[in-house]
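Pasted below: coords.txt, compact mmCIF, C-alpha atoms.
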```
# COMPACT_ATOMS: atom_id res chain seq x y z
CA MET A 1 114.84 111.91 130.89
CA SER A 2 111.69 113.18 129.23
CA ASN A 3 111.65 113.26 125.43
CA PRO A 4 111.39 116.97 124.43
CA ASN A 5 109.11 116.00 121.54
CA ARG A 6 106.50 114.58 123.91
CA MET A 7 104.05 116.15 126.35
CA PRO A 8 104.79 114.86 129.88
CA TRP A 9 101.18 115.03 131.05
CA VAL A 10 100.00 112.90 128.13
CA ASP A 11 102.51 110.19 128.95
CA THR A 12 101.67 110.38 132.66
CA ALA A 13 97.98 109.91 131.85
CA LYS A 14 98.90 106.96 129.62
CA GLY A 15 100.92 105.56 132.52
CA LEU A 16 97.83 105.65 134.72
CA SER A 17 95.85 104.03 131.92
CA ILE A 18 98.21 101.12 131.31
CA ILE A 19 98.32 100.36 135.04
CA LEU A 20 94.51 100.26 135.15
CA VAL A 21 94.36 98.00 132.10
CA VAL A 22 96.91 95.53 133.47
CA MET A 23 95.22 95.73 136.88
CA MET A 24 91.91 94.66 135.37
CA TYR A 25 93.40 91.63 133.65
CA SER A 26 95.45 90.75 136.73
CA ALA A 27 92.45 90.91 139.07
CA TYR A 28 89.98 89.14 136.80
CA ASN A 29 92.47 86.50 135.65
CA THR A 30 93.31 85.72 139.27
CA GLY A 31 89.65 85.78 140.30
CA GLU A 32 88.81 83.30 137.53
CA TYR A 33 91.18 80.73 138.99
CA THR A 34 90.62 81.38 142.71
CA GLY A 35 86.88 81.96 142.45
CA GLY A 36 87.27 84.90 144.84
CA VAL A 37 87.13 88.69 144.87
CA GLY A 38 90.07 90.78 146.10
CA PHE A 39 90.56 94.44 146.94
CA LEU A 40 91.88 95.18 143.43
CA HIS A 41 88.50 94.11 142.08
CA TYR A 42 86.97 97.12 143.82
CA VAL A 43 89.69 99.46 142.58
CA ILE A 44 89.19 98.37 139.01
CA GLY A 45 85.43 98.39 139.55
CA PHE A 46 85.65 102.13 140.25
CA ALA A 47 87.48 102.56 136.93
CA THR A 48 85.03 100.45 134.91
CA PRO A 49 83.31 103.38 133.14
CA PHE A 50 86.51 105.05 131.89
CA ARG A 51 89.32 102.46 131.95
CA MET A 52 89.44 101.73 128.21
CA PRO A 53 87.65 104.88 126.96
CA GLU A 54 90.51 106.97 128.36
CA PHE A 55 93.08 104.96 126.44
CA PHE A 56 91.20 105.50 123.18
CA LEU A 57 90.48 109.17 123.83
CA ILE A 58 94.12 109.95 124.52
CA SER A 59 95.14 107.93 121.44
CA GLY A 60 93.08 110.33 119.33
CA LEU A 61 94.48 113.56 120.79
CA PHE A 62 97.24 113.98 118.20
CA LEU A 63 95.38 112.63 115.20
CA SER A 64 94.73 116.14 113.84
CA GLN A 65 98.48 116.54 113.32
CA VAL A 66 98.62 113.67 110.82
CA ILE A 67 95.08 113.29 109.48
CA ASP A 68 95.72 115.31 106.32
CA ARG A 69 99.03 113.72 105.37
CA PRO A 70 99.26 111.80 102.08
CA TRP A 71 97.50 108.48 102.28
CA ARG A 72 100.71 106.47 101.98
CA ARG A 73 102.38 108.13 104.93
CA TYR A 74 99.19 108.22 106.98
CA VAL A 75 98.58 104.49 106.52
CA ASP A 76 102.19 103.74 107.46
CA ARG A 77 102.02 105.72 110.71
CA ARG A 78 98.43 105.12 111.79
CA VAL A 79 97.65 101.64 110.45
CA VAL A 80 100.71 99.58 109.51
CA HIS A 81 102.53 100.69 112.67
CA TYR A 82 99.90 99.07 114.88
CA LEU A 83 99.28 96.07 112.64
CA TYR A 84 102.97 95.14 112.75
CA PHE A 85 102.94 94.82 116.52
CA TYR A 86 99.52 93.18 116.52
CA VAL A 87 100.60 90.45 114.08
CA LEU A 88 103.98 89.93 115.75
CA TRP A 89 102.64 89.55 119.27
CA ALA A 90 99.59 87.56 118.17
CA VAL A 91 101.94 85.01 116.59
CA ILE A 92 104.11 84.96 119.73
CA SER A 93 101.15 84.64 122.11
CA ILE A 94 99.23 82.04 120.12
CA GLY A 95 102.41 80.08 119.38
CA LEU A 96 103.35 79.91 123.05
CA LYS A 97 99.91 79.38 124.60
CA ILE A 98 98.30 77.09 122.03
CA GLY A 99 101.18 75.64 120.06
CA ILE A 100 103.67 74.97 122.87
CA PHE A 101 101.96 75.09 126.27
CA SER A 102 98.75 73.36 125.09
CA GLY A 103 100.46 71.20 122.47
CA ASP A 104 97.71 71.84 119.92
CA PRO A 105 99.24 72.73 116.51
CA ALA A 106 95.86 72.53 114.76
CA GLY A 107 94.31 74.86 117.32
CA MET A 108 97.25 77.21 116.91
CA LEU A 109 96.76 77.43 113.15
CA HIS A 110 93.04 77.98 113.63
CA ASP A 111 93.59 80.82 116.11
CA LEU A 112 96.22 82.41 113.86
CA ALA A 113 93.79 82.40 110.96
CA MET A 114 90.96 83.80 113.08
CA ALA A 115 93.22 86.56 114.43
CA VAL A 116 93.16 88.13 110.97
CA VAL A 117 89.43 88.90 111.13
CA GLN A 118 88.82 88.79 114.90
CA PRO A 119 91.06 90.72 117.32
CA TYR A 120 93.01 88.26 119.46
CA GLY A 121 93.01 88.45 123.26
CA VAL A 122 94.23 91.65 124.88
CA LEU A 123 95.76 92.70 121.55
CA TRP A 124 92.30 93.79 120.40
CA PHE A 125 93.18 97.35 121.49
CA ILE A 126 96.05 97.62 119.00
CA TYR A 127 93.93 96.01 116.26
CA MET A 128 91.17 98.56 116.82
CA LEU A 129 93.57 101.52 116.75
CA ALA A 130 94.43 100.54 113.17
CA VAL A 131 90.74 100.17 112.29
CA PHE A 132 89.85 103.52 113.89
CA GLY A 133 92.68 105.22 112.01
CA ILE A 134 91.26 104.07 108.67
CA ALA A 135 87.65 104.87 109.67
CA ILE A 136 88.40 108.46 110.66
CA ARG A 137 90.46 109.10 107.53
CA VAL A 138 87.62 107.84 105.33
CA LEU A 139 85.12 110.01 107.21
CA ARG A 140 87.49 112.94 106.76
CA GLU A 141 87.72 112.32 103.02
CA LEU A 142 83.93 112.16 102.81
CA ARG A 143 83.70 115.44 104.79
CA VAL A 144 81.15 114.04 107.23
CA PRO A 145 80.43 116.74 109.88
CA HIS A 146 81.76 116.06 113.37
CA TRP A 147 78.33 116.36 114.96
CA ILE A 148 76.92 113.61 112.77
CA VAL A 149 79.82 111.23 113.49
CA ILE A 150 79.71 111.92 117.23
CA SER A 151 75.92 111.47 117.38
CA LEU A 152 75.99 108.17 115.50
CA ALA A 153 79.04 106.89 117.39
CA ALA A 154 77.45 107.80 120.74
CA ALA A 155 74.23 106.05 119.74
CA LEU A 156 76.24 102.93 118.83
CA GLN A 157 78.04 103.01 122.17
CA MET A 158 74.79 103.28 124.13
CA TRP A 159 73.11 100.62 122.01
CA ALA A 160 76.03 98.26 122.73
CA PRO A 161 75.24 95.66 120.05
CA LYS A 162 76.62 92.13 120.41
CA PRO A 163 77.21 90.96 116.83
CA ASP A 164 79.07 87.77 115.97
CA SER A 165 82.06 89.92 115.02
CA TYR A 166 84.19 90.92 118.02
CA ALA A 167 85.76 93.69 115.92
CA LEU A 168 82.34 95.23 115.22
CA GLU A 169 81.41 94.94 118.89
CA GLN A 170 84.54 96.79 119.98
CA PHE A 171 84.10 99.37 117.23
CA ALA A 172 80.63 100.18 118.52
CA ALA A 173 81.86 100.32 122.12
CA TYR A 174 84.90 102.57 121.70
CA PHE A 175 84.97 104.49 118.42
CA VAL A 176 83.17 107.46 119.95
CA PHE A 177 85.98 108.00 122.47
CA PHE A 178 88.72 107.88 119.86
CA TYR A 179 86.79 110.36 117.74
CA LEU A 180 86.12 112.64 120.70
CA GLY A 181 89.86 112.68 121.42
CA PHE A 182 90.42 113.80 117.83
CA VAL A 183 87.74 116.50 117.89
CA LEU A 184 88.10 117.76 121.47
CA ALA A 185 91.91 117.78 121.56
CA PRO A 186 92.27 121.61 121.59
CA LEU A 187 89.75 121.90 124.44
CA ILE A 188 91.40 119.13 126.47
CA PHE A 189 94.86 120.63 126.00
CA ARG A 190 93.59 124.00 127.23
CA LEU A 191 91.80 122.42 130.19
CA VAL A 192 94.89 120.52 131.32
CA GLU A 193 97.08 123.61 130.90
CA TRP A 194 94.59 125.66 132.93
CA THR A 195 94.39 123.11 135.76
CA GLN A 196 98.16 122.66 135.84
CA ALA A 197 98.44 126.33 136.75
CA ARG A 198 95.78 125.88 139.46
CA PRO A 199 96.67 122.67 141.36
CA ALA A 200 94.21 123.32 144.21
CA ILE A 201 91.33 123.52 141.73
CA ALA A 202 92.60 120.42 139.92
CA VAL A 203 92.67 118.39 143.15
CA ALA A 204 89.24 119.64 144.25
CA GLY A 205 87.78 118.83 140.84
CA LEU A 206 89.30 115.35 140.80
CA LEU A 207 87.99 114.59 144.29
CA ALA A 208 84.49 115.74 143.32
CA TRP A 209 84.60 113.64 140.16
CA ALA A 210 85.88 110.57 142.06
CA LEU A 211 83.08 110.88 144.61
CA VAL A 212 80.35 111.13 141.97
CA ASN A 213 81.84 108.34 139.86
CA GLY A 214 82.24 106.03 142.85
CA LEU A 215 78.73 106.64 144.14
CA LEU A 216 77.18 105.93 140.75
CA VAL A 217 79.27 102.82 140.11
CA TYR A 218 78.65 101.37 143.58
CA SER A 219 75.03 102.46 143.87
CA PRO A 220 72.33 99.86 144.61
CA GLY A 221 72.30 97.13 142.01
CA TYR A 222 76.03 96.72 141.66
CA ALA A 223 77.49 93.23 141.91
CA MET A 224 81.17 92.33 142.14
CA GLN A 225 82.17 89.00 140.62
CA PRO A 226 85.48 87.14 140.31
CA VAL A 227 85.51 88.02 136.61
CA GLY A 228 83.86 91.37 135.92
CA MET A 229 81.29 93.48 137.70
CA GLN A 230 77.79 94.81 137.26
CA MET A 231 77.65 98.55 137.94
CA GLY A 232 74.78 100.26 139.72
CA LEU A 233 73.22 103.40 138.24
CA ALA A 234 76.36 103.90 136.16
CA ALA A 235 75.25 100.98 133.96
CA TRP A 236 72.44 103.10 132.45
CA PRO A 237 73.78 103.66 128.90
CA PRO A 238 73.54 107.50 128.72
CA LEU A 239 75.07 107.80 132.19
CA HIS A 240 77.73 105.20 131.37
CA LEU A 241 78.76 107.21 128.29
CA SER A 242 78.84 110.45 130.30
CA LEU A 243 80.95 108.90 133.06
CA ALA A 244 83.31 107.42 130.48
CA VAL A 245 83.99 110.81 128.92
CA ALA A 246 84.22 112.52 132.31
CA GLY A 247 86.60 109.85 133.60
CA ALA A 248 88.79 110.07 130.51
CA VAL A 249 89.09 113.84 130.88
CA ALA A 250 89.69 113.44 134.63
CA LEU A 251 92.64 111.13 133.98
CA CYS A 252 94.07 113.72 131.60
CA VAL A 253 93.79 116.35 134.36
CA ALA A 254 95.32 113.90 136.82
CA GLY A 255 98.15 113.33 134.38
CA GLY A 256 98.72 117.06 134.17
CA PHE A 257 98.81 117.39 137.96
CA LEU A 258 101.10 114.39 138.58
CA SER A 259 103.50 115.27 135.77
CA LYS A 260 104.64 118.30 137.78
CA PHE A 261 106.23 116.05 140.40
CA ALA A 262 109.73 114.67 139.83
CA SER A 263 108.75 111.61 141.88
CA MET A 264 106.27 110.70 139.14
CA GLU A 265 108.90 110.44 136.42
CA TRP A 266 108.57 106.63 136.51
CA LEU A 267 104.87 106.95 135.69
CA ARG A 268 105.60 109.29 132.79
CA TRP A 269 108.24 106.84 131.48
CA LEU A 270 105.80 103.97 131.79
CA GLY A 271 103.23 105.91 129.77
CA GLU A 272 105.79 106.74 127.09
CA HIS A 273 106.49 103.01 126.81
CA SER A 274 102.92 101.86 127.43
CA LEU A 275 102.78 99.82 124.22
CA VAL A 276 105.81 97.85 125.39
CA VAL A 277 103.88 96.83 128.51
CA TYR A 278 100.61 96.26 126.67
CA VAL A 279 101.94 93.78 124.10
CA ALA A 280 104.05 91.74 126.52
CA PHE A 281 102.32 91.59 129.90
CA THR A 282 100.00 88.61 129.43
CA ILE A 283 102.71 85.94 129.16
CA PRO A 284 104.43 86.70 132.51
CA MET A 285 100.99 87.27 134.05
CA SER A 286 99.82 83.76 133.20
CA ILE A 287 103.09 82.08 134.11
CA PHE A 288 103.45 83.81 137.48
CA ARG A 289 99.82 83.28 138.47
CA GLY A 290 100.01 79.61 137.56
CA VAL A 291 103.23 79.06 139.50
CA MET A 292 101.89 80.80 142.61
CA LEU A 293 98.65 78.83 142.66
CA ALA A 294 100.36 75.51 141.92
CA SER A 295 102.94 76.06 144.65
CA GLY A 296 100.42 77.29 147.21
CA LEU A 297 102.79 80.11 148.18
CA LEU A 298 100.23 82.81 147.47
CA THR A 299 96.54 82.00 147.18
CA ASP A 300 94.70 85.01 148.65
CA THR A 301 92.88 86.64 145.74
CA GLY A 302 93.71 90.21 146.72
CA MET A 303 97.41 89.76 147.43
CA LEU A 304 97.91 87.42 144.49
CA SER A 305 96.20 89.94 142.18
CA LEU A 306 98.57 92.65 143.42
CA ALA A 307 101.62 90.42 142.94
CA VAL A 308 100.43 89.48 139.44
CA LEU A 309 99.95 93.18 138.63
CA LEU A 310 103.49 94.06 139.70
CA VAL A 311 105.04 91.16 137.80
CA SER A 312 102.95 91.89 134.71
CA VAL A 313 104.05 95.55 134.59
CA ILE A 314 107.69 95.06 135.55
CA SER A 315 108.48 92.03 133.37
CA PRO A 316 107.96 93.76 129.99
CA VAL A 317 110.03 96.72 131.22
CA VAL A 318 112.87 94.38 132.20
CA LEU A 319 112.64 92.64 128.82
CA TYR A 320 112.73 96.03 127.07
CA PHE A 321 115.91 97.05 128.89
CA ILE A 322 117.55 93.69 128.18
CA VAL A 323 116.75 94.03 124.47
CA GLN A 324 118.09 97.58 124.41
CA ARG A 325 121.26 96.49 126.20
CA VAL A 326 122.13 93.41 124.15
CA GLY A 327 120.82 94.77 120.85
CA PHE A 328 119.11 91.48 119.98
CA GLY A 329 115.33 91.21 119.70
CA THR A 330 114.80 94.88 118.95
CA PHE A 331 112.14 93.87 116.41
CA LEU A 332 109.91 93.07 119.41
CA PHE A 333 109.63 96.77 120.26
CA GLU A 334 110.87 98.56 117.13
CA ARG A 335 109.36 98.36 113.68
CA PRO A 336 112.11 97.34 111.24
CA ALA A 337 112.62 99.03 107.87
CA TRP A 338 110.96 96.22 105.90
CA ALA A 339 107.73 96.70 107.88
CA HIS A 340 107.27 100.27 106.66
CA PHE A 341 104.72 101.02 103.98
CA ASP A 342 106.13 104.52 103.49
CA ARG A 343 109.51 103.32 102.22
CA PRO A 344 111.27 106.70 101.83
CA THR A 345 111.00 107.28 105.60
CA ALA A 346 111.64 103.68 106.60
CA ALA A 347 115.37 103.96 107.18
CA LYS A 348 114.96 106.94 109.48
CA ALA A 349 111.94 105.59 111.34
CA SER A 350 113.38 102.12 111.83
CA SER A 351 116.18 103.56 113.96
CA GLU A 352 113.69 104.98 116.42
CA PRO A 353 112.15 102.92 119.24
CA MET A 354 108.52 101.89 118.96
CA THR A 355 107.35 104.51 121.42
CA ARG A 356 109.16 107.30 119.58
CA GLN A 357 107.78 106.21 116.24
CA ALA A 358 104.40 106.40 117.91
CA ARG A 359 104.64 110.00 119.06
CA GLU A 360 102.88 111.06 115.85
CA ALA A 361 100.58 108.05 116.07
CA ALA A 362 99.88 108.37 119.79
```
For this file, produce the structure as structure tokens.
Amino acid sequence: MSNPNRMPWVDTAKGLSIILVVMMYSAYNTGEYTGGVGFLHYVIGFATPFRMPEFFLISGLFLSQVIDRPWRRYVDRRVVHYLYFYVLWAVISIGLKIGIFSGDPAGMLHDLAMAVVQPYGVLWFIYMLAVFGIAIRVLRELRVPHWIVISLAAALQMWAPKPDSYALEQFAAYFVFFYLGFVLAPLIFRLVEWTQARPAIAVAGLLAWALVNGLLVYSPGYAMQPVGMQMGLAAWPPLHLSLAVAGAVALCVAGGFLSKFASMEWLRWLGEHSLVVYVAFTIPMSIFRGVMLASGLLTDTGMLSLAVLLVSVISPVVLYFIVQRVGFGTFLFERPAWAHFDRPTAAKASSEPMTRQAREAA
């Protein structure tokens, strides 16, 4: 059942986003070990311009509702919330992969220390959400005009610097989309509401966008590789930025259209619990892929990528339901009272699941 405090189309769009993110890692992780390219590589290639920008843009849509709260409460909801899950799952991931599977305690300690200053693995997204939350609040306090922030952030994104710091690299690549979600939220909400009332126009617009996006991504010069791809004309920085914003808005419209169908309730639920999937999918992904390749049961890059995708999405959901049923391990997906910076609200917030705590921080 849909949470009445949430907007179904937002969660449906997040559901599409988390599938695309897991699909990318599933396809490229499989391609790295098989040395081949499967059909999912081409699907994710189409989404290359907007796959992560959409996640950041939608994460900024509700920021205006909390941006002016007292610093203590703001930091608790927009910074500490994400850092708790980042630290927890970084420790779990590094401990399992480096400490146990690789048997390298020294390497484990090194990676744990580095994870403080450099976002670790796929958890970089959660790390950057905390950084973006602080950055926008500081800019708000300094009363920097939106047009200046957007101009500088867009210039950074098109420049695409490659500093030694992975955090700075990701900041340059994605801050503009988070900020645009914050600034353009009223316009995006109105657009989605308008298209929801006009499904024929929504479908026609999405088809036109998909055609243009696909043609520009797969225009002459593109190259598909087992790990990653080189886009065609879409790689030109100003066009890449434009396609990223257009694709992010298109997924919001698609979320609005799909949320009207009862058959898409699973996608809405997945979006509502997207952070559950995001923090926990890499472990079953690696284990399942390794078992399949070692056994020789499934070696085709395309089919193995699809199987890895399904296992990677479903496994965290199963774990979530098990935790909810047995009542043990809830700290994996719920922030306990001691992890709240805003102590007066800790008792109330700690009784709410991670995804419900995040409705103000989404």
Item to complete: Compile the contact shell of stretch 75-89 of chain A as a list of chain:residue names: residues with an atom at most 6 Å away, counting all atoms listed in the file, same-chain residues fewer than 4 positions apart removed.
Response: A:Trp71, A:Ser93, A:Ile126, A:Ala130, A:Gly133, A:Phe341, A:Asp342, A:Ala361
Discussion item. Show me the residues around (76.6, 102.6, 138.4) - criterion: an atom at most 10 Å away, all atoms listed in the file counted - as a ChimeraX atom specification.
Written reply: /A:45-46,48-49,212-222,230-237,239-240,243
Would you mind exporting C-alpha atoms of the selected residues as an mmCIF file, in the coordinates of the input?
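Output file part-v9.cif follows:
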```cif
data_model
loop_
_atom_site.group_PDB
_atom_site.id
_atom_site.type_symbol
_atom_site.label_atom_id
_atom_site.label_comp_id
_atom_site.auth_asym_id
_atom_site.auth_seq_id
_atom_site.Cartn_x
_atom_site.Cartn_y
_atom_site.Cartn_z
ATOM 1 C CA GLY A 45 85.430 98.390 139.550
ATOM 2 C CA PHE A 46 85.650 102.130 140.250
ATOM 3 C CA THR A 48 85.030 100.450 134.910
ATOM 4 C CA PRO A 49 83.310 103.380 133.140
ATOM 5 C CA VAL A 212 80.350 111.130 141.970
ATOM 6 C CA ASN A 213 81.840 108.340 139.860
ATOM 7 C CA GLY A 214 82.240 106.030 142.850
ATOM 8 C CA LEU A 215 78.730 106.640 144.140
ATOM 9 C CA LEU A 216 77.180 105.930 140.750
ATOM 10 C CA VAL A 217 79.270 102.820 140.110
ATOM 11 C CA TYR A 218 78.650 101.370 143.580
ATOM 12 C CA SER A 219 75.030 102.460 143.870
ATOM 13 C CA PRO A 220 72.330 99.860 144.610
ATOM 14 C CA GLY A 221 72.300 97.130 142.010
ATOM 15 C CA TYR A 222 76.030 96.720 141.660
ATOM 16 C CA GLN A 230 77.790 94.810 137.260
ATOM 17 C CA MET A 231 77.650 98.550 137.940
ATOM 18 C CA GLY A 232 74.780 100.260 139.720
ATOM 19 C CA LEU A 233 73.220 103.400 138.240
ATOM 20 C CA ALA A 234 76.360 103.900 136.160
ATOM 21 C CA ALA A 235 75.250 100.980 133.960
ATOM 22 C CA TRP A 236 72.440 103.100 132.450
ATOM 23 C CA PRO A 237 73.780 103.660 128.900
ATOM 24 C CA LEU A 239 75.070 107.800 132.190
ATOM 25 C CA HIS A 240 77.730 105.200 131.370
ATOM 26 C CA LEU A 243 80.950 108.900 133.060
#
```
Worksheet item: Hey, can you check how far atom CA of A:Gly181 sits from atom CA of A:Leu61?
Response: 4.7 Å
Worksheet entry | Close residues, A:Phe175 itself excluded, 9 Å, only C-alpha atoms, min 5 positions apart in chain, as an MDAnalysis selection string | chainID A and resid 53 56 128 132 153:154 156:157 170 180
Discussion item. Would you pick out the contacts of A:Ser17 at 8 Å or less, using all atoms listed in the file, so that residues sharing its chain but fewer than 6 positions from it are not included, and give the list as a PyMOL selection string?
Written reply: chain A and resi 51-52+54-55+271
Worksheet item: How many Å lie between atom CA of A:Pro284 and atom CA of A:Val311, rounded to one decimal?
Response: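 Between atom CA of A:Pro284 and atom CA of A:Val311 the gap works out to 6.9 Å.
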Practice prompt. For A:Met114, work out the shell of residues within 12 Å, counting all atoms listed in the file and skipping chain neighbours fewer than 5 positions away, then give it as number ranges by chain.
Written response: A: 87, 90-91, 94, 107-109, 119-121, 165-167
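Among A:Gly256, A:Gly205, A:Gly60, A:Pro163, the residue with the shortest atom-to-atom distance to A:Phe178, counting only C-alpha atoms, is A:Gly60.
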Worksheet item: Within 10 Å of stretch 24-40 of chain A, counting all atoms listed in the file, which residues qualify if same-chain residues fewer than 2 places away don't, as a PyMOL selection string?
Response: chain A and resi 18-22+42-48+51+122+224-229+281-282+285-286+289-290+293+299-312
Include C-alpha atoms and write out the residues we just selected as a PDB file, in the frame of the given file.
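The resulting file, result32.pdb, is shown below:
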```pdb
ATOM      1  CA  ILE A  18      98.210 101.120 131.310  1.00  0.00           C
ATOM      2  CA  ILE A  19      98.320 100.360 135.040  1.00  0.00           C
ATOM      3  CA  LEU A  20      94.510 100.260 135.150  1.00  0.00           C
ATOM      4  CA  VAL A  21      94.360  98.000 132.100  1.00  0.00           C
ATOM      5  CA  VAL A  22      96.910  95.530 133.470  1.00  0.00           C
ATOM      6  CA  TYR A  42      86.970  97.120 143.820  1.00  0.00           C
ATOM      7  CA  VAL A  43      89.690  99.460 142.580  1.00  0.00           C
ATOM      8  CA  ILE A  44      89.190  98.370 139.010  1.00  0.00           C
ATOM      9  CA  GLY A  45      85.430  98.390 139.550  1.00  0.00           C
ATOM     10  CA  PHE A  46      85.650 102.130 140.250  1.00  0.00           C
ATOM     11  CA  ALA A  47      87.480 102.560 136.930  1.00  0.00           C
ATOM     12  CA  THR A  48      85.030 100.450 134.910  1.00  0.00           C
ATOM     13  CA  ARG A  51      89.320 102.460 131.950  1.00  0.00           C
ATOM     14  CA  VAL A 122      94.230  91.650 124.880  1.00  0.00           C
ATOM     15  CA  MET A 224      81.170  92.330 142.140  1.00  0.00           C
ATOM     16  CA  GLN A 225      82.170  89.000 140.620  1.00  0.00           C
ATOM     17  CA  PRO A 226      85.480  87.140 140.310  1.00  0.00           C
ATOM     18  CA  VAL A 227      85.510  88.020 136.610  1.00  0.00           C
ATOM     19  CA  GLY A 228      83.860  91.370 135.920  1.00  0.00           C
ATOM     20  CA  MET A 229      81.290  93.480 137.700  1.00  0.00           C
ATOM     21  CA  PHE A 281     102.320  91.590 129.900  1.00  0.00           C
ATOM     22  CA  THR A 282     100.000  88.610 129.430  1.00  0.00           C
ATOM     23  CA  MET A 285     100.990  87.270 134.050  1.00  0.00           C
ATOM     24  CA  SER A 286      99.820  83.760 133.200  1.00  0.00           C
ATOM     25  CA  ARG A 289      99.820  83.280 138.470  1.00  0.00           C
ATOM     26  CA  GLY A 290     100.010  79.610 137.560  1.00  0.00           C
ATOM     27  CA  LEU A 293      98.650  78.830 142.660  1.00  0.00           C
ATOM     28  CA  THR A 299      96.540  82.000 147.180  1.00  0.00           C
ATOM     29  CA  ASP A 300      94.700  85.010 148.650  1.00  0.00           C
ATOM     30  CA  THR A 301      92.880  86.640 145.740  1.00  0.00           C
ATOM     31  CA  GLY A 302      93.710  90.210 146.720  1.00  0.00           C
ATOM     32  CA  MET A 303      97.410  89.760 147.430  1.00  0.00           C
ATOM     33  CA  LEU A 304      97.910  87.420 144.490  1.00  0.00           C
ATOM     34  CA  SER A 305      96.200  89.940 142.180  1.00  0.00           C
ATOM     35  CA  LEU A 306      98.570  92.650 143.420  1.00  0.00           C
ATOM     36  CA  ALA A 307     101.620  90.420 142.940  1.00  0.00           C
ATOM     37  CA  VAL A 308     100.430  89.480 139.440  1.00  0.00           C
ATOM     38  CA  LEU A 309      99.950  93.180 138.630  1.00  0.00           C
ATOM     39  CA  LEU A 310     103.490  94.060 139.700  1.00  0.00           C
ATOM     40  CA  VAL A 311     105.040  91.160 137.800  1.00  0.00           C
ATOM     41  CA  SER A 312     102.950  91.890 134.710  1.00  0.00           C
TER      42      SER A 312
END
```
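With only C-alpha atoms as the atoms that count, the minimum distance from A:Val138 to the choices A:Leu123, A:Tyr74, A:Val249, A:Gly255 is reached by A:Tyr74.
A straight line drawn from atom CA of A:Leu63 to atom CA of A:Val131 is 13.6 Å long.
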Can you sort out stretch 68-72 of chain A so it carries all heavy atoms, written as a short mmCIF file (atom, residue, chain, number, x, y, z; two decimals), keeping the file's coordinate frame?
```
data_model
loop_
_atom_site.label_atom_id
_atom_site.label_comp_id
_atom_site.auth_asym_id
_atom_site.auth_seq_id
_atom_site.Cartn_x
_atom_site.Cartn_y
_atom_site.Cartn_z
N ASP A 68 95.74 114.82 107.69
CA ASP A 68 95.72 115.31 106.32
C ASP A 68 97.00 114.99 105.55
O ASP A 68 97.23 115.53 104.47
CB ASP A 68 95.48 116.83 106.31
CG ASP A 68 94.07 117.18 106.77
OD1 ASP A 68 93.13 116.47 106.38
OD2 ASP A 68 93.92 118.16 107.53
N ARG A 69 97.83 114.12 106.09
CA ARG A 69 99.03 113.72 105.37
C ARG A 69 98.65 112.85 104.17
O ARG A 69 97.54 112.30 104.12
CB ARG A 69 99.96 112.93 106.29
CG ARG A 69 100.68 113.82 107.30
CD ARG A 69 101.62 113.02 108.15
NE ARG A 69 102.40 113.86 109.03
CZ ARG A 69 103.30 113.43 109.89
NH1 ARG A 69 103.51 112.13 110.00
NH2 ARG A 69 103.98 114.27 110.65
N PRO A 70 99.55 112.70 103.21
CA PRO A 70 99.26 111.80 102.08
C PRO A 70 98.89 110.41 102.58
O PRO A 70 99.41 109.94 103.60
CB PRO A 70 100.59 111.79 101.30
CG PRO A 70 101.23 113.09 101.64
CD PRO A 70 100.86 113.37 103.07
N TRP A 71 98.01 109.76 101.85
CA TRP A 71 97.50 108.48 102.28
C TRP A 71 98.61 107.48 102.62
O TRP A 71 98.53 106.75 103.60
CB TRP A 71 96.60 107.87 101.20
CG TRP A 71 95.14 108.10 101.41
CD1 TRP A 71 94.36 109.02 100.80
CD2 TRP A 71 94.29 107.39 102.32
NE1 TRP A 71 93.07 108.93 101.25
CE2 TRP A 71 92.99 107.93 102.19
CE3 TRP A 71 94.50 106.36 103.22
CZ2 TRP A 71 91.91 107.47 102.92
CZ3 TRP A 71 93.41 105.89 103.95
CH2 TRP A 71 92.15 106.44 103.81
N ARG A 72 99.64 107.46 101.79
CA ARG A 72 100.71 106.47 101.98
C ARG A 72 101.38 106.65 103.33
O ARG A 72 101.58 105.68 104.08
CB ARG A 72 101.73 106.60 100.85
CG ARG A 72 102.74 105.48 100.83
CD ARG A 72 103.72 105.66 99.67
NE ARG A 72 104.60 104.51 99.53
CZ ARG A 72 104.32 103.44 98.82
NH1 ARG A 72 103.16 103.35 98.18
NH2 ARG A 72 105.17 102.44 98.74
#
```
